[in-house]
file upload_26.cif (mmCIF, C-alpha atoms and all ligand atoms)
data_target
loop_
_atom_site.group_PDB
_atom_site.id
_atom_site.type_symbol
_atom_site.label_atom_id
_atom_site.label_comp_id
_atom_site.auth_asym_id
_atom_site.auth_seq_id
_atom_site.Cartn_x
_atom_site.Cartn_y
_atom_site.Cartn_z
ATOM 1 C CA MET A 84 -52.799 78.901 -55.457
ATOM 2 C CA GLY A 85 -53.923 82.320 -54.281
ATOM 3 C CA ASP A 86 -55.159 80.800 -51.012
ATOM 4 C CA ILE A 87 -51.713 80.363 -49.481
ATOM 5 C CA PRO A 88 -51.078 83.262 -47.033
ATOM 6 C CA ASP A 89 -47.820 85.232 -47.489
ATOM 7 C CA SER A 90 -46.837 84.290 -43.942
ATOM 8 C CA HIS A 91 -46.808 80.567 -44.749
ATOM 9 C CA PRO A 92 -43.193 79.393 -44.305
ATOM 10 C CA ARG A 93 -43.454 76.997 -47.260
ATOM 11 C CA LYS A 94 -45.295 79.397 -49.585
ATOM 12 C CA ASP A 95 -42.757 79.359 -52.451
ATOM 13 C CA SER A 96 -42.398 75.619 -52.237
ATOM 14 C CA LEU A 97 -46.176 75.105 -52.268
ATOM 15 C CA LEU A 98 -46.560 77.454 -55.229
ATOM 16 C CA ALA A 99 -43.893 75.540 -57.146
ATOM 17 C CA ARG A 100 -45.688 72.264 -56.415
ATOM 18 C CA ALA A 101 -49.002 73.742 -57.547
ATOM 19 C CA LYS A 102 -47.452 74.988 -60.811
ATOM 20 C CA LEU A 103 -45.918 71.597 -61.513
ATOM 21 C CA THR A 104 -49.116 69.712 -60.665
ATOM 22 C CA GLU A 105 -51.083 71.934 -63.029
ATOM 23 C CA ALA A 106 -48.479 71.593 -65.792
ATOM 24 C CA ALA A 107 -48.426 67.800 -65.367
ATOM 25 C CA ALA A 108 -52.220 67.688 -65.732
ATOM 26 C CA GLU A 109 -51.867 69.711 -68.945
ATOM 27 C CA GLY A 110 -49.357 67.176 -70.310
ATOM 28 C CA LEU A 111 -46.256 69.411 -70.203
ATOM 29 C CA LEU A 112 -44.150 67.126 -68.013
ATOM 30 C CA ALA A 113 -42.736 63.615 -68.114
ATOM 31 C CA GLU A 114 -43.875 61.215 -65.382
ATOM 32 C CA SER A 115 -40.518 61.439 -63.631
ATOM 33 C CA ALA A 116 -40.719 65.256 -63.326
ATOM 34 C CA MET A 117 -42.174 65.137 -59.814
ATOM 35 C CA ILE A 118 -39.498 62.721 -58.617
ATOM 36 C CA ALA A 119 -36.762 65.025 -59.922
ATOM 37 C CA HIS A 120 -38.461 67.984 -58.240
ATOM 38 C CA GLY A 121 -38.761 66.107 -54.958
ATOM 39 C CA ARG A 122 -35.057 65.356 -54.960
ATOM 40 C CA GLY A 123 -34.365 69.044 -55.541
ATOM 41 C CA GLU A 124 -36.738 70.115 -52.741
ATOM 42 C CA ALA A 125 -34.933 67.938 -50.214
ATOM 43 C CA PHE A 126 -31.608 69.644 -50.965
ATOM 44 C CA ASP A 127 -33.259 73.060 -50.931
ATOM 45 C CA TYR A 128 -34.644 72.380 -47.449
ATOM 46 C CA LEU A 129 -31.106 71.740 -46.243
ATOM 47 C CA LEU A 130 -29.922 74.967 -47.907
ATOM 48 C CA GLY A 131 -32.558 76.916 -45.952
ATOM 49 C CA GLU A 132 -34.466 77.641 -49.196
ATOM 50 C CA LYS A 133 -32.329 80.682 -49.946
ATOM 51 C CA THR A 134 -29.545 81.642 -52.326
ATOM 52 C CA SER A 135 -26.189 81.357 -50.567
ATOM 53 C CA GLU A 136 -23.326 83.829 -51.058
ATOM 54 C CA SER A 137 -21.441 81.072 -52.882
ATOM 55 C CA ALA A 138 -24.391 80.444 -55.236
ATOM 56 C CA SER A 139 -24.608 84.210 -55.867
ATOM 57 C CA GLN A 140 -20.976 84.146 -56.995
ATOM 58 C CA ALA A 141 -21.757 81.208 -59.311
ATOM 59 C CA ILE A 142 -24.660 83.221 -60.718
ATOM 60 C CA ARG A 143 -22.339 86.178 -61.438
ATOM 61 C CA GLU A 144 -19.778 83.856 -63.044
ATOM 62 C CA THR A 145 -22.485 82.270 -65.194
ATOM 63 C CA ALA A 146 -23.715 85.705 -66.249
ATOM 64 C CA ALA A 147 -20.163 86.746 -67.155
ATOM 65 C CA ARG A 148 -19.570 83.615 -69.266
ATOM 66 C CA LEU A 149 -22.891 83.957 -71.077
ATOM 67 C CA LEU A 150 -22.166 87.627 -71.852
ATOM 68 C CA ASN A 151 -18.688 86.665 -73.053
ATOM 69 C CA ALA A 152 -19.923 83.880 -75.348
ATOM 70 C CA GLU A 153 -20.341 84.344 -79.091
ATOM 71 C CA ARG A 154 -23.325 82.027 -79.417
ATOM 72 C CA PRO A 155 -24.957 81.439 -76.037
ATOM 73 C CA VAL A 156 -28.159 79.412 -75.755
ATOM 74 C CA ILE A 157 -30.542 78.650 -72.887
ATOM 75 C CA SER A 158 -31.721 75.032 -72.902
ATOM 76 C CA LEU A 159 -35.076 74.397 -71.242
ATOM 77 C CA ASN A 160 -36.685 71.173 -70.073
ATOM 78 C CA GLY A 161 -40.238 70.803 -68.753
ATOM 79 C CA ASN A 162 -39.592 71.639 -65.086
ATOM 80 C CA THR A 163 -37.483 74.679 -65.980
ATOM 81 C CA THR A 164 -40.092 76.004 -68.395
ATOM 82 C CA VAL A 165 -42.756 75.744 -65.691
ATOM 83 C CA LEU A 166 -40.687 77.058 -62.775
ATOM 84 C CA ALA A 167 -38.499 79.632 -64.543
ATOM 85 C CA GLY A 168 -39.817 80.105 -68.087
ATOM 86 C CA GLU A 169 -40.378 83.843 -67.580
ATOM 87 C CA GLN A 170 -36.908 84.399 -66.165
ATOM 88 C CA ALA A 171 -35.397 82.384 -69.043
ATOM 89 C CA ILE A 172 -37.159 84.575 -71.595
ATOM 90 C CA ARG A 173 -35.955 87.735 -69.807
ATOM 91 C CA ALA A 174 -32.385 86.396 -69.737
ATOM 92 C CA ALA A 175 -32.556 85.501 -73.448
ATOM 93 C CA ALA A 176 -33.796 89.026 -74.253
ATOM 94 C CA ILE A 177 -30.845 90.575 -72.402
ATOM 95 C CA LEU A 178 -28.383 88.191 -74.073
ATOM 96 C CA GLU A 179 -30.177 88.380 -77.446
ATOM 97 C CA CYS A 180 -29.877 84.612 -77.687
ATOM 98 C CA PRO A 181 -32.271 81.758 -78.492
ATOM 99 C CA VAL A 182 -33.914 79.420 -76.029
ATOM 100 C CA GLU A 183 -34.187 75.753 -76.967
ATOM 101 C CA VAL A 184 -36.671 73.239 -75.620
ATOM 102 C CA ASN A 185 -34.639 70.093 -75.114
ATOM 103 C CA ILE A 186 -36.239 67.313 -73.124
ATOM 104 C CA TYR A 187 -35.037 63.935 -71.940
ATOM 105 C CA TYR A 188 -38.238 62.025 -72.812
ATOM 106 C CA ARG A 189 -39.013 63.640 -76.152
ATOM 107 C CA THR A 190 -42.529 63.270 -77.540
ATOM 108 C CA PRO A 191 -44.016 65.515 -80.257
ATOM 109 C CA ALA A 192 -46.989 66.390 -78.002
ATOM 110 C CA ARG A 193 -44.844 67.569 -75.078
ATOM 111 C CA MET A 194 -42.482 69.472 -77.345
ATOM 112 C CA GLU A 195 -45.413 71.303 -78.899
ATOM 113 C CA LYS A 196 -46.973 72.137 -75.529
ATOM 114 C CA LEU A 197 -43.721 73.436 -74.066
ATOM 115 C CA ILE A 198 -43.002 75.534 -77.152
ATOM 116 C CA SER A 199 -46.528 77.046 -77.096
ATOM 117 C CA SER A 200 -46.198 77.735 -73.389
ATOM 118 C CA LEU A 201 -42.919 79.607 -74.033
ATOM 119 C CA LYS A 202 -44.537 81.579 -76.845
ATOM 120 C CA GLU A 203 -47.285 82.692 -74.429
ATOM 121 C CA ILE A 204 -44.655 83.619 -71.838
ATOM 122 C CA ARG A 205 -42.721 85.594 -74.495
ATOM 123 C CA GLU A 206 -45.876 87.545 -75.346
ATOM 124 C CA ARG A 207 -46.467 88.324 -71.666
ATOM 125 C CA VAL A 208 -42.867 89.348 -70.933
ATOM 126 C CA ALA A 209 -42.802 91.627 -74.018
ATOM 127 C CA LYS A 210 -45.611 93.642 -72.411
ATOM 128 C CA GLU A 211 -43.865 93.943 -69.036
ATOM 129 C CA GLU A 212 -42.239 97.110 -67.846
ATOM 130 C CA ALA A 213 -38.728 97.225 -69.335
ATOM 131 C CA PRO A 214 -35.810 96.647 -66.932
ATOM 132 C CA SER A 215 -33.803 99.769 -66.086
ATOM 133 C CA ALA A 216 -31.292 100.592 -68.847
ATOM 134 C CA TRP A 217 -33.819 99.476 -71.489
ATOM 135 C CA GLU A 218 -36.233 101.665 -73.421
ATOM 136 C CA GLY A 219 -39.761 100.201 -73.421
ATOM 137 C CA SER A 220 -39.935 99.541 -77.164
ATOM 138 C CA GLN A 221 -36.348 98.288 -77.321
ATOM 139 C CA TRP A 222 -37.225 95.726 -74.603
ATOM 140 C CA SER A 223 -40.390 94.480 -76.267
ATOM 141 C CA ASP A 224 -38.545 94.206 -79.630
ATOM 142 C CA SER A 225 -35.774 92.215 -78.016
ATOM 143 C CA VAL A 226 -38.241 89.882 -76.256
ATOM 144 C CA ASN A 227 -40.344 89.406 -79.390
ATOM 145 C CA SER A 228 -37.311 88.509 -81.456
ATOM 146 C CA ILE A 229 -36.205 85.623 -79.186
ATOM 147 C CA GLU A 230 -36.121 82.417 -81.220
ATOM 148 C CA ILE A 231 -37.791 79.466 -79.488
ATOM 149 C CA LEU A 232 -35.989 76.452 -80.919
ATOM 150 C CA GLY A 233 -36.533 72.740 -80.488
ATOM 151 C CA ALA A 234 -39.353 71.819 -82.852
ATOM 152 C CA ASN A 235 -36.937 71.304 -85.723
ATOM 153 C CA ALA A 236 -34.783 68.339 -84.705
ATOM 154 C CA ASP A 237 -32.062 68.995 -87.276
ATOM 155 C CA GLY A 238 -29.004 68.917 -84.998
ATOM 156 C CA ARG A 239 -27.142 66.256 -83.048
ATOM 157 C CA ILE A 240 -25.226 66.193 -79.770
ATOM 158 C CA GLU A 241 -22.224 64.060 -80.783
ATOM 159 C CA GLY A 242 -21.433 61.321 -78.292
ATOM 160 C CA LEU A 243 -25.043 60.510 -77.387
ATOM 161 C CA GLU A 244 -27.285 57.819 -78.860
ATOM 162 C CA GLY A 245 -30.973 57.800 -79.785
ATOM 163 C CA PRO A 246 -33.549 60.546 -79.129
ATOM 164 C CA ARG A 247 -31.441 62.137 -76.388
ATOM 165 C CA ALA A 248 -28.916 63.224 -79.005
ATOM 166 C CA ILE A 249 -31.504 65.358 -80.791
ATOM 167 C CA CYS A 250 -31.096 69.133 -80.693
ATOM 168 C CA SER A 251 -31.420 72.177 -82.906
ATOM 169 C CA SER A 252 -28.582 72.948 -85.334
ATOM 170 C CA ARG A 253 -29.003 76.689 -84.669
ATOM 171 C CA GLY A 254 -29.242 76.242 -80.901
ATOM 172 C CA ILE A 255 -27.304 73.759 -78.793
ATOM 173 C CA GLU A 256 -25.327 72.317 -81.735
ATOM 174 C CA ALA A 257 -23.935 75.698 -82.768
ATOM 175 C CA ALA A 258 -23.572 77.157 -79.254
ATOM 176 C CA ASP A 259 -20.256 77.861 -77.553
ATOM 177 C CA ALA A 260 -21.914 78.291 -74.134
ATOM 178 C CA VAL A 261 -25.029 76.500 -72.911
ATOM 179 C CA LEU A 262 -27.020 77.325 -69.811
ATOM 180 C CA VAL A 263 -28.697 74.021 -68.971
ATOM 181 C CA PRO A 264 -30.683 74.195 -65.755
ATOM 182 C CA LEU A 265 -31.508 70.684 -64.456
ATOM 183 C CA GLU A 266 -29.512 68.750 -67.055
ATOM 184 C CA ASP A 267 -28.816 65.032 -66.776
ATOM 185 C CA GLY A 268 -25.280 63.781 -66.326
ATOM 186 C CA ASP A 269 -24.810 62.099 -69.718
ATOM 187 C CA ARG A 270 -25.821 65.108 -71.728
ATOM 188 C CA CYS A 271 -23.761 67.431 -69.577
ATOM 189 C CA GLU A 272 -20.723 65.231 -70.213
ATOM 190 C CA ALA A 273 -21.377 65.093 -73.968
ATOM 191 C CA LEU A 274 -21.708 68.905 -74.193
ATOM 192 C CA ILE A 275 -18.443 69.361 -72.294
ATOM 193 C CA ALA A 276 -16.681 66.860 -74.583
ATOM 194 C CA LEU A 277 -17.780 69.023 -77.526
ATOM 195 C CA GLY A 278 -15.827 71.927 -76.026
ATOM 196 C CA LYS A 279 -18.820 74.029 -74.995
ATOM 197 C CA GLN A 280 -18.998 76.067 -71.788
ATOM 198 C CA VAL A 281 -21.569 74.215 -69.696
ATOM 199 C CA LEU A 282 -23.311 76.266 -67.004
ATOM 200 C CA VAL A 283 -25.856 74.458 -64.854
ATOM 201 C CA ILE A 284 -28.312 75.029 -62.028
ATOM 202 C CA ASP A 285 -28.697 71.981 -59.792
ATOM 203 C CA LEU A 286 -29.666 71.775 -56.133
ATOM 204 C CA ASN A 287 -27.752 68.509 -55.738
ATOM 205 C CA PRO A 288 -24.041 69.355 -55.381
ATOM 206 C CA LEU A 289 -23.200 65.657 -55.702
ATOM 207 C CA SER A 290 -25.010 64.946 -58.989
ATOM 208 C CA ARG A 291 -22.843 64.009 -61.964
ATOM 209 C CA THR A 292 -24.047 67.164 -63.705
ATOM 210 C CA ALA A 293 -23.066 69.406 -60.789
ATOM 211 C CA ARG A 294 -19.620 67.825 -60.610
ATOM 212 C CA MET A 295 -18.886 67.935 -64.336
ATOM 213 C CA ALA A 296 -20.163 71.395 -65.300
ATOM 214 C CA HIS A 297 -17.802 74.355 -65.703
ATOM 215 C CA VAL A 298 -19.984 76.430 -63.393
ATOM 216 C CA THR A 299 -22.653 74.949 -61.097
ATOM 217 C CA ILE A 300 -25.203 77.175 -59.419
ATOM 218 C CA VAL A 301 -26.398 75.164 -56.406
ATOM 219 C CA ASP A 302 -29.734 76.915 -56.009
ATOM 220 C CA GLU A 303 -33.408 76.523 -56.833
ATOM 221 C CA VAL A 304 -33.989 77.197 -60.533
ATOM 222 C CA GLY A 305 -36.653 79.916 -60.137
ATOM 223 C CA ARG A 306 -34.631 81.867 -57.554
ATOM 224 C CA ALA A 307 -31.376 81.425 -59.459
ATOM 225 C CA MET A 308 -32.813 82.510 -62.809
ATOM 226 C CA THR A 309 -34.336 85.660 -61.254
ATOM 227 C CA LYS A 310 -30.930 86.576 -59.822
ATOM 228 C CA LEU A 311 -29.215 85.685 -63.108
ATOM 229 C CA CYS A 312 -31.314 88.321 -64.917
ATOM 230 C CA GLN A 313 -30.121 90.938 -62.395
ATOM 231 C CA ALA A 314 -26.503 89.787 -62.752
ATOM 232 C CA LEU A 315 -26.666 89.958 -66.565
ATOM 233 C CA SER A 316 -27.539 93.650 -66.298
ATOM 234 C CA GLU A 317 -24.471 94.322 -64.142
ATOM 235 C CA ASN A 318 -21.881 93.177 -66.747
ATOM 236 C CA PRO A 319 -19.715 90.989 -64.460
ATOM 237 C CA LEU A 320 -16.306 89.761 -65.650
ATOM 238 C CA VAL A 321 -15.155 86.144 -66.145
ATOM 239 C CA SER A 322 -12.866 84.930 -63.332
ATOM 240 C CA HIS A 323 -10.700 81.900 -62.568
ATOM 241 C CA TRP A 324 -13.567 79.799 -61.286
ATOM 242 C CA ASP A 325 -13.079 76.937 -58.811
ATOM 243 C CA ASN A 326 -16.230 74.889 -59.273
ATOM 244 C CA ASP A 327 -15.254 72.196 -56.754
ATOM 245 C CA GLN A 328 -15.067 74.940 -54.110
ATOM 246 C CA ALA A 329 -18.611 76.036 -54.992
ATOM 247 C CA LEU A 330 -19.818 72.445 -54.484
ATOM 248 C CA ARG A 331 -17.933 72.165 -51.185
ATOM 249 C CA ASP A 332 -19.520 75.471 -50.038
ATOM 250 C CA ALA A 333 -23.005 74.078 -50.702
ATOM 251 C CA LEU A 334 -22.232 70.831 -48.863
ATOM 252 C CA ALA A 335 -20.847 72.821 -45.914
ATOM 253 C CA ILE A 336 -24.115 74.792 -45.641
ATOM 254 C CA MET A 337 -26.100 71.540 -45.702
ATOM 255 C CA ALA A 338 -23.847 70.011 -43.032
ATOM 256 C CA GLU A 339 -24.294 73.111 -40.843
ATOM 257 C CA ALA A 340 -28.049 72.463 -40.848
ATOM 258 C CA SER A 341 -27.353 69.749 -38.251
ATOM 259 C CA ASN A 342 -26.340 72.519 -35.791
ATOM 260 C CA GLN A 343 -29.976 73.632 -35.667
ATOM 261 C CA ILE A 344 -30.892 70.534 -33.628
HETATM 262 P P1 LIG B 1 -27.183 63.268 -62.673
HETATM 263 O O1 LIG B 1 -27.470 62.431 -63.894
HETATM 264 O O2 LIG B 1 -26.574 64.592 -62.990
HETATM 265 O O3 LIG B 1 -26.432 62.567 -61.540
HETATM 266 P P2 LIG B 1 -29.822 62.969 -61.460
HETATM 267 O O4 LIG B 1 -30.076 61.699 -62.159
HETATM 268 O O5 LIG B 1 -29.713 63.007 -59.981
HETATM 269 O O6 LIG B 1 -28.562 63.711 -62.061
HETATM 270 P P3 LIG B 1 -32.107 64.130 -62.741
HETATM 271 O O7 LIG B 1 -33.183 63.272 -62.203
HETATM 272 O O8 LIG B 1 -31.663 63.999 -64.153
HETATM 273 O O9 LIG B 1 -30.851 64.052 -61.783
HETATM 274 O O10 LIG B 1 -32.467 65.671 -62.521
HETATM 275 C C1 LIG B 1 -32.885 66.179 -61.354
HETATM 276 C C2 LIG B 1 -31.805 67.087 -60.782
HETATM 277 O O11 LIG B 1 -32.315 68.399 -60.740
HETATM 278 C C3 LIG B 1 -31.493 66.660 -59.371
HETATM 279 O O12 LIG B 1 -30.114 66.748 -59.134
HETATM 280 C C4 LIG B 1 -32.254 67.689 -58.507
HETATM 281 O O13 LIG B 1 -31.546 67.957 -57.309
HETATM 282 C C5 LIG B 1 -32.271 68.903 -59.405
HETATM 283 N N1 LIG B 1 -33.478 69.730 -59.224
HETATM 284 C C6 LIG B 1 -34.773 69.317 -59.200
HETATM 285 N N2 LIG B 1 -35.609 70.357 -59.057
HETATM 286 C C7 LIG B 1 -34.839 71.470 -59.000
HETATM 287 C C8 LIG B 1 -35.122 72.864 -58.882
HETATM 288 N N3 LIG B 1 -36.369 73.321 -58.786
HETATM 289 N N4 LIG B 1 -34.077 73.714 -58.879
HETATM 290 C C9 LIG B 1 -32.797 73.274 -59.000
HETATM 291 N N5 LIG B 1 -32.467 71.970 -59.107
HETATM 292 C C10 LIG B 1 -33.470 71.070 -59.117
#
call {"tool": "encode", "arguments": {"input": "upload_26.cif", "output": "structure tokens"}}
result
Amino acid sequence: MGDIPDSHPRKDSLLARAKLTEAAAEGLLAESAMIAHGRGEAFDYLLGEKTSESASQAIRETAARLLNAERPVISLNGNTTVLAGEQAIRAAAILECPVEVNIYYRTPARMEKLISSLKEIRERVAKEEAPSAWEGSQWSDSVNSIEILGANADGRIEGLEGPRAICSSRGIEAADAVLVPLEDGDRCEALIALGKQVLVIDLNPLSRTARMAHVTIVDEVGRAMTKLCQALSENPLVSHWDNDQALRDALAIMAEASNQI
């Protein structure tokens, strides 16, 4: 991974691929993970692989709604853990909320590997320099006290059948706001039907998830989660959010890409 020069125009994309390939070899990902990533990459190419002004506003709105929630939770699947696990742990420390591993193709082995990976990340982040506005020890205490949920399948997402309905009773089941990067459409719909605030990150502005969520950040998950941590420290306020406009903004940027030819 270290061999890619900084000047390489696809450096971030190649690093993401390398991380996912490594994680797949270690058994952290489902077989379809690469296909999902490939679909995301194609949209990111059209977005110019950068966070748009519209996506930045969605990030601020998401931060505001998470800060406003009584019981926020960050739901993590395999790809998100690999590409943005560190950022998710930082965000959970700022929000003082749990993270929950919740995967579409649930197997005990993958759950265990993802949870151990997050525990290692938590240990690493606790030793990092504290963000401004945090005392060093206060930061490491907050990071160390993040609950990593998911192993105990004692909750249910009403409205879904089979293993996909499984969640933690102290996490997603009890939450009033859920940040679910890369969620699938059915679960997004079920969470909304339960009255929760559903905040998603999805590079495809036309996916069912993107269209159903209360706030959709159309951006790459690693970039978006880094910017979300910054936004959480700035205490933004909840607004009257027009999510369809955010999706139209993303599609307009993609359509403009044709002007480059
Ligand atoms: P839906 O059920 O919502 O219509 P889908 O079936 O298209 O979605 P999935 O395969 O469940 O989607 O999930 C992949 C989604 O995640 C795609 O919409 C893809 O664009 C998006 N995606 C993949 N990788 C990333 C990434 N790194 N950052 C942000 N979004 C991503």
call {"tool": "atom_distance", "arguments": {"input": "upload_26.cif", "atom1": "atom CA of Asn235 of chain A", "atom2": "atom CA of Ser251 of chain A"}}
result
6.3 Å
call {"tool": "closest_residue", "arguments": {"input": "upload_26.cif", "among": "A:Arg154, A:Arg205, A:Arg122, A:Arg143", "to": "ligand LIG 1 (chain B)", "atoms": "all atoms listed in the file"}}
result
A:Arg122
call {"tool": "residues_around", "arguments": {"input": "upload_26.cif", "residues": "segment 174-180 of chain A", "least_positions_apart": "2", "cutoff": "6 Å", "atoms": "all atoms listed in the file", "output": "list of chain:residue names"}}
result
A:Val156, A:Ala171, A:Ile172, A:Ser225, A:Val226, A:Cys312
call {"tool": "residues_near_ligand", "arguments": {"input": "upload_26.cif", "ligand": "ligand LIG 1 (chain B)", "cutoff": "6 Å", "atoms": "all atoms listed in the file", "output": "compact mmCIF listing (two decimals) with C-alpha atoms, in the frame of the given file"}}
result
# COMPACT_ATOMS: atom_id res chain seq x y z
CA ALA A 119 -36.76 65.03 -59.92
CA HIS A 120 -38.46 67.98 -58.24
CA ARG A 122 -35.06 65.36 -54.96
CA GLY A 123 -34.36 69.04 -55.54
CA LEU A 265 -31.51 70.68 -64.46
CA GLU A 266 -29.51 68.75 -67.06
CA ASP A 267 -28.82 65.03 -66.78
CA GLY A 268 -25.28 63.78 -66.33
CA ILE A 284 -28.31 75.03 -62.03
CA ASP A 285 -28.70 71.98 -59.79
CA LEU A 286 -29.67 71.78 -56.13
CA ASN A 287 -27.75 68.51 -55.74
CA SER A 290 -25.01 64.95 -58.99
CA ARG A 291 -22.84 64.01 -61.96
CA THR A 292 -24.05 67.16 -63.70
CA ASP A 302 -29.73 76.92 -56.01
CA GLU A 303 -33.41 76.52 -56.83
CA VAL A 304 -33.99 77.20 -60.53
call {"tool": "atom_distance", "arguments": {"input": "upload_26.cif", "atom1": "atom CA of Glu317 of chain A", "atom2": "atom CA of Ala147 of chain A"}}
result
9.2 Å
call {"tool": "resolve_selection", "arguments": {"input": "upload_26.cif", "expression": "the PyMOL selection byres (((chain A and resi 200-202) around 12) and not hetatm)", "output": "PyMOL selection string"}}
result
chain A and resi 106+109-111+159-161+163-173+175+181-184+193-199+203-209+226-233
call {"tool": "resolve_selection", "arguments": {"input": "upload_26.cif", "expression": "the PyMOL selection byres (((chain A and resi 318) around 10) and not hetatm)", "output": "NGL selection string"}}
result
:A and (143 or 146-147 or 150-151 or 313-317 or 319-321)
call {"tool": "write_last_selection", "arguments": {"input": "upload_26.cif", "atoms": "C-alpha atoms", "output": "PDB file, in the frame of the given file"}}
result
ATOM      1  CA  ARG A 143     -22.339  86.178 -61.438  1.00  0.00           C
ATOM      2  CA  ALA A 146     -23.715  85.705 -66.249  1.00  0.00           C
ATOM      3  CA  ALA A 147     -20.163  86.746 -67.155  1.00  0.00           C
ATOM      4  CA  LEU A 150     -22.166  87.627 -71.852  1.00  0.00           C
ATOM      5  CA  ASN A 151     -18.688  86.665 -73.053  1.00  0.00           C
ATOM      6  CA  GLN A 313     -30.121  90.938 -62.395  1.00  0.00           C
ATOM      7  CA  ALA A 314     -26.503  89.787 -62.752  1.00  0.00           C
ATOM      8  CA  LEU A 315     -26.666  89.958 -66.565  1.00  0.00           C
ATOM      9  CA  SER A 316     -27.539  93.650 -66.298  1.00  0.00           C
ATOM     10  CA  GLU A 317     -24.471  94.322 -64.142  1.00  0.00           C
ATOM     11  CA  PRO A 319     -19.715  90.989 -64.460  1.00  0.00           C
ATOM     12  CA  LEU A 320     -16.306  89.761 -65.650  1.00  0.00           C
ATOM     13  CA  VAL A 321     -15.155  86.144 -66.145  1.00  0.00           C
TER      14      VAL A 321
END
call {"tool": "resolve_selection", "arguments": {"input": "upload_26.cif", "expression": "the PyMOL selection byres (((chain A and resi 140) around 12) and not hetatm)", "output": "VMD selection string"}}
result
chain A and resid 134 to 139 141 to 147 298 to 302 307 310 to 311 314 319 to 326 328 to 329 332
call {"tool": "atom_distance", "arguments": {"input": "upload_26.cif", "atom1": "atom CA of Thr104 of chain A", "atom2": "atom CA of Phe126 of chain A"}}
result
20.0 Å
call {"tool": "closest_residue", "arguments": {"input": "upload_26.cif", "among": "A:Pro88, A:Pro288, A:Gly305, A:Pro246", "to": "Arg331 of chain A", "atoms": "only C-alpha atoms"}}
result
A:Pro288
call {"tool": "axis_aligned_box", "arguments": {"input": "upload_26.cif", "around": "segment 172-183 of chain A", "padding_each_side": "5 Å", "output": "lines of an AutoDock Vina configuration file"}}
result
center_x = -32.8
center_y = 83.2
center_z = -74.1
size_x = 18.8
size_y = 24.8
size_z = 18.8
call {"tool": "residues_around", "arguments": {"input": "upload_26.cif", "residues": "Ala116 of chain A", "least_positions_apart": "4", "cutoff": "9 Å", "atoms": "all atoms listed in the file", "output": "list in words"}}
result
Leu103, Ala107, Leu112, His120, Gly121, Gly161 and Asn162 of chain A
call {"tool": "closest_residue", "arguments": {"input": "upload_26.cif", "among": "A:Lys210, A:Lys102, A:Arg239, A:His297", "to": "Val263 of chain A", "atoms": "all atoms listed in the file"}}
result
A:His297
call {"tool": "closest_residue", "arguments": {"input": "upload_26.cif", "among": "A:Arg306, A:Ser158, A:Tyr187, A:Leu334", "to": "Asp269 of chain A", "atoms": "all atoms listed in the file"}}
result
A:Tyr187
call {"tool": "decode", "arguments": {"input": "upload_26.cif", "residues": "segment 231-242 of chain A", "atoms": "N, CA and C atoms", "output": "tab-separated table (two decimals), in the first residue's frame"}}
result
chain	number	residue	atom	x	y	z
A	231	ILE	N	-19.35	-1.34	21.95
A	231	ILE	CA	-19.37	-1.93	20.59
A	231	ILE	C	-20.40	-3.06	20.63
A	232	LEU	N	-21.58	-2.76	20.11
A	232	LEU	CA	-22.70	-3.70	20.19
A	232	LEU	C	-22.78	-4.57	18.95
A	233	GLY	N	-23.60	-5.60	19.03
A	233	GLY	CA	-23.85	-6.44	17.86
A	233	GLY	C	-23.74	-7.92	18.17
A	234	ALA	N	-22.83	-8.27	19.09
A	234	ALA	CA	-22.63	-9.69	19.38
A	234	ALA	C	-23.89	-10.29	19.99
A	235	ASN	N	-24.54	-9.50	20.84
A	235	ASN	CA	-25.73	-9.99	21.53
A	235	ASN	C	-26.97	-9.66	20.69
A	236	ALA	N	-27.50	-10.67	20.03
A	236	ALA	CA	-28.61	-10.45	19.08
A	236	ALA	C	-29.94	-10.49	19.82
A	237	ASP	N	-30.14	-9.55	20.74
A	237	ASP	CA	-31.33	-9.62	21.60
A	237	ASP	C	-32.40	-8.60	21.20
A	238	GLY	N	-32.24	-7.96	20.05
A	238	GLY	CA	-33.24	-6.98	19.62
A	238	GLY	C	-33.78	-7.35	18.24
A	239	ARG	N	-34.84	-6.70	17.85
A	239	ARG	CA	-35.46	-6.97	16.54
A	239	ARG	C	-35.79	-5.66	15.84
A	240	ILE	N	-35.61	-5.64	14.51
A	240	ILE	CA	-36.11	-4.51	13.73
A	240	ILE	C	-37.48	-4.97	13.22
A	241	GLU	N	-38.54	-4.44	13.84
A	241	GLU	CA	-39.91	-4.81	13.44
A	241	GLU	C	-40.09	-4.55	11.95
A	242	GLY	N	-40.81	-5.44	11.28
A	242	GLY	CA	-41.11	-5.21	9.87
A	242	GLY	C	-40.16	-5.96	8.95
